[in-house]
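Containing PDB, C-alpha atoms: structure-v4.pdb.
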ATOM      1  CA  MET A 129     112.842 109.994  48.088
ATOM      2  CA  ILE A 130     116.432 110.747  47.156
ATOM      3  CA  ALA A 131     118.394 112.545  49.868
ATOM      4  CA  PRO A 132     120.173 115.759  48.873
ATOM      5  CA  THR A 133     123.881 115.364  48.183
ATOM      6  CA  GLY A 134     126.770 117.739  47.745
ATOM      7  CA  ASN A 135     130.317 118.500  48.794
ATOM      8  CA  ILE A 136     130.827 120.757  51.818
ATOM      9  CA  PHE A 137     134.104 122.082  50.333
ATOM     10  CA  ASN A 138     132.663 123.139  46.944
ATOM     11  CA  LEU A 139     132.490 126.914  47.134
ATOM     12  CA  PRO A 140     130.592 129.297  44.871
ATOM     13  CA  PRO A 141     132.910 130.588  42.123
ATOM     14  CA  ASN A 142     132.575 134.249  43.110
ATOM     15  CA  LEU A 143     132.463 134.689  46.852
ATOM     16  CA  SER A 144     130.826 137.991  47.712
ATOM     17  CA  SER A 145     131.553 140.370  50.539
ATOM     18  CA  ALA A 146     128.573 138.929  52.415
ATOM     19  CA  GLU A 147     128.634 135.833  54.580
ATOM     20  CA  ILE A 148     126.770 132.897  53.027
ATOM     21  CA  PHE A 149     124.330 130.822  55.110
ATOM     22  CA  GLU A 150     123.164 127.629  53.390
ATOM     23  CA  PRO A 151     120.531 125.485  55.098
ATOM     24  CA  LEU A 152     121.334 121.814  54.544
ATOM     25  CA  ILE A 153     118.755 120.073  56.751
ATOM     26  CA  HIS A 154     115.936 121.565  58.772
ATOM     27  CA  ASN A 155     113.072 120.125  60.802
ATOM     28  CA  ASP A 156     111.274 120.920  64.068
ATOM     29  CA  SER A 157     114.104 119.639  66.285
ATOM     30  CA  VAL A 158     117.364 120.338  64.440
ATOM     31  CA  SER A 159     118.812 122.494  61.719
ATOM     32  CA  ILE A 160     122.152 122.059  59.989
ATOM     33  CA  GLU A 161     123.719 124.776  57.904
ATOM     34  CA  ARG A 162     126.950 125.557  56.092
ATOM     35  CA  ILE A 163     128.327 129.026  56.649
ATOM     36  CA  ILE A 164     131.015 130.537  54.432
ATOM     37  CA  SER A 165     132.866 133.534  55.862
ATOM     38  CA  THR A 166     135.467 135.603  54.046
ATOM     39  CA  GLY A 167     136.662 138.099  56.617
ATOM     40  CA  GLN A 168     133.270 139.037  58.061
ATOM     41  CA  PHE A 169     132.746 139.640  61.760
ATOM     42  CA  THR A 170     129.870 140.588  64.033
ATOM     43  CA  PRO A 171     129.424 144.351  64.501
ATOM     44  CA  VAL A 172     130.871 145.553  67.815
ATOM     45  CA  ASP A 173     127.453 146.549  69.214
ATOM     46  CA  ARG A 174     125.725 143.239  68.343
ATOM     47  CA  TRP A 175     125.604 139.878  70.161
ATOM     48  CA  TYR A 176     124.212 136.598  68.889
ATOM     49  CA  ASP A 177     121.751 135.171  71.422
ATOM     50  CA  GLY A 178     120.506 131.900  69.947
ATOM     51  CA  ALA A 179     117.284 130.331  71.179
ATOM     52  CA  GLN A 180     118.809 126.856  70.657
ATOM     53  CA  ASP A 181     122.140 125.263  71.465
ATOM     54  CA  GLU A 182     124.626 125.538  68.610
ATOM     55  CA  TRP A 183     127.382 123.013  67.950
ATOM     56  CA  VAL A 184     129.760 124.356  65.328
ATOM     57  CA  ILE A 185     132.880 122.951  63.698
ATOM     58  CA  LEU A 186     135.267 125.008  61.612
ATOM     59  CA  LEU A 187     136.178 122.824  58.634
ATOM     60  CA  GLN A 188     138.501 125.311  56.933
ATOM     61  CA  GLY A 189     140.140 128.606  57.868
ATOM     62  CA  GLU A 190     140.631 130.362  61.194
ATOM     63  CA  SER A 191     138.242 132.324  63.374
ATOM     64  CA  GLU A 192     137.704 133.794  66.796
ATOM     65  CA  LEU A 193     134.582 133.980  68.963
ATOM     66  CA  THR A 194     134.211 136.409  71.843
ATOM     67  CA  TYR A 195     131.666 135.898  74.608
ATOM     68  CA  VAL A 196     129.813 138.587  76.528
ATOM     69  CA  ASP A 197     131.981 137.878  79.616
ATOM     70  CA  GLY A 198     135.091 138.821  77.590
ATOM     71  CA  SER A 199     136.432 135.280  77.122
ATOM     72  CA  ARG A 200     137.606 134.279  73.647
ATOM     73  CA  CYS A 201     137.750 131.068  71.671
ATOM     74  CA  GLN A 202     140.161 130.784  68.740
ATOM     75  CA  LEU A 203     139.291 128.118  66.189
ATOM     76  CA  LYS A 204     141.386 126.491  63.481
ATOM     77  CA  ALA A 205     140.332 123.872  60.953
ATOM     78  CA  GLY A 206     138.943 120.860  62.808
ATOM     79  CA  ASP A 207     138.116 122.721  66.042
ATOM     80  CA  TYR A 208     134.567 122.640  67.335
ATOM     81  CA  VAL A 209     132.634 124.309  70.134
ATOM     82  CA  LEU A 210     129.211 123.996  71.748
ATOM     83  CA  ILE A 211     127.525 127.325  72.391
ATOM     84  CA  PRO A 212     124.608 126.886  74.813
ATOM     85  CA  ALA A 213     121.307 128.600  74.052
ATOM     86  CA  HIS A 214     121.273 132.276  75.073
ATOM     87  CA  HIS A 215     125.058 132.339  75.641
ATOM     88  CA  GLN A 216     125.754 135.679  73.993
ATOM     89  CA  HIS A 217     128.690 135.690  71.599
ATOM     90  CA  ARG A 218     130.150 137.464  68.574
ATOM     91  CA  VAL A 219     132.425 136.434  65.745
ATOM     92  CA  THR A 220     135.433 138.754  66.033
ATOM     93  CA  TYR A 221     137.592 137.322  63.233
ATOM     94  CA  THR A 222     137.314 135.065  60.193
ATOM     95  CA  SER A 223     140.070 134.373  57.676
ATOM     96  CA  SER A 224     139.494 135.216  54.053
ATOM     97  CA  ASP A 225     142.318 133.139  52.564
ATOM     98  CA  PRO A 226     141.312 130.445  52.947
ATOM     99  CA  PRO A 227     137.657 131.255  53.495
ATOM    100  CA  CYS A 228     136.087 129.849  56.638
ATOM    101  CA  ILE A 229     133.753 126.929  56.113
ATOM    102  CA  TRP A 230     131.606 126.266  59.167
ATOM    103  CA  LEU A 231     129.149 123.457  59.807
ATOM    104  CA  ALA A 232     126.606 124.583  62.386
ATOM    105  CA  ILE A 233     124.052 122.323  64.049
ATOM    106  CA  HIS A 234     121.252 123.980  66.015
ATOM    107  CA  GLY A 235     119.041 122.050  68.426
ATOM    108  CA  LYS A 236     118.608 121.019  72.041
ATOM    109  CA  PHE A 237     121.590 118.953  73.132
ATOM    110  CA  GLU A 238     122.116 116.957  76.313
ATOM    111  CA  ILE A 239     125.598 117.451  77.712
TER     112      ILE A 239
END
In structure tokens, what does this structure look like?
Amino acid sequence: MIAPTGNIFNLPPNLSSAEIFEPLIHNDSVSIERIISTGQFTPVDRWYDGAQDEWVILLQGESELTYVDGSRCQLKAGDYVLIPAHHQHRVTYTSSDPPCIWLAIHGKFEI
């Protein structure tokens, strides 16, 4: 079997107004996805509440996460964060120029 290949920085030619979620690897214990954001943010009345831990690295762009307790995490290219399962958070900012390229890994992680 030949493993899938690609380049994480190759973007679709016409980025839409919608965030793009691209599954790269998925099995019963882990999933890895590329997310491309171009100015999108989580609606004010919505919180992400993931069932699994999420380790995310911002490969390009700038962004900000806000947690339900009011704390914030600003990310620039190269910054990463571990968001524990059920730790409610929202994306409150993503740059559009350059677009944000995220690599998100979902699973159960020992810290």
message = Which residues are close to Ile233 of chain A, i.e. within 9 Å by all atoms listed in the file, leaving aside same-chain residues fewer than 2 positions away? Reply as a PyMOL selection string.
response = chain A and resi 158-161+181-185+231+235
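The nearest approach to Val219 of chain A among the residues A:Tyr176, A:Arg200, A:Phe169, A:Ala232, with only C-alpha atoms taken into account, belongs to A:Phe169.
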task = Would you mind telling me which residue in A:Asp177, A:Glu238, A:Glu190, A:Glu147 lies nearest to His214 of chain A when using only C-alpha atoms?
result =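 Looking only at the distances to His214 of chain A, the closest residue turns out to be A:Asp177.
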inquiry  = Which residue is closest to Tyr221 of chain A? Choose from A:Asp156, A:Leu186, A:Asn142, A:Leu193 and count only C-alpha atoms.
reply    =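 Checking each candidate against Tyr221 of chain A, we get A:Leu193 as the closest.
Counting from atom CA of Pro171 of chain A, the distance to atom CA of Gly206 of chain A is 25.4 Å.
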inquiry  = Quick check, in Å to one decimal: how far apart do atom CA of His217 of chain A and atom CA of Ser145 of chain A lie?
reply    = 21.8 Å
task = Rank nothing, just name the residue among A:Ser191, A:Gln216, A:Pro151, A:Asn138 nearest to Lys204 of chain A, using all atoms listed in the file.
result =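 Once distances to Lys204 of chain A are computed over all atoms listed in the file, the minimum belongs to A:Ser191.
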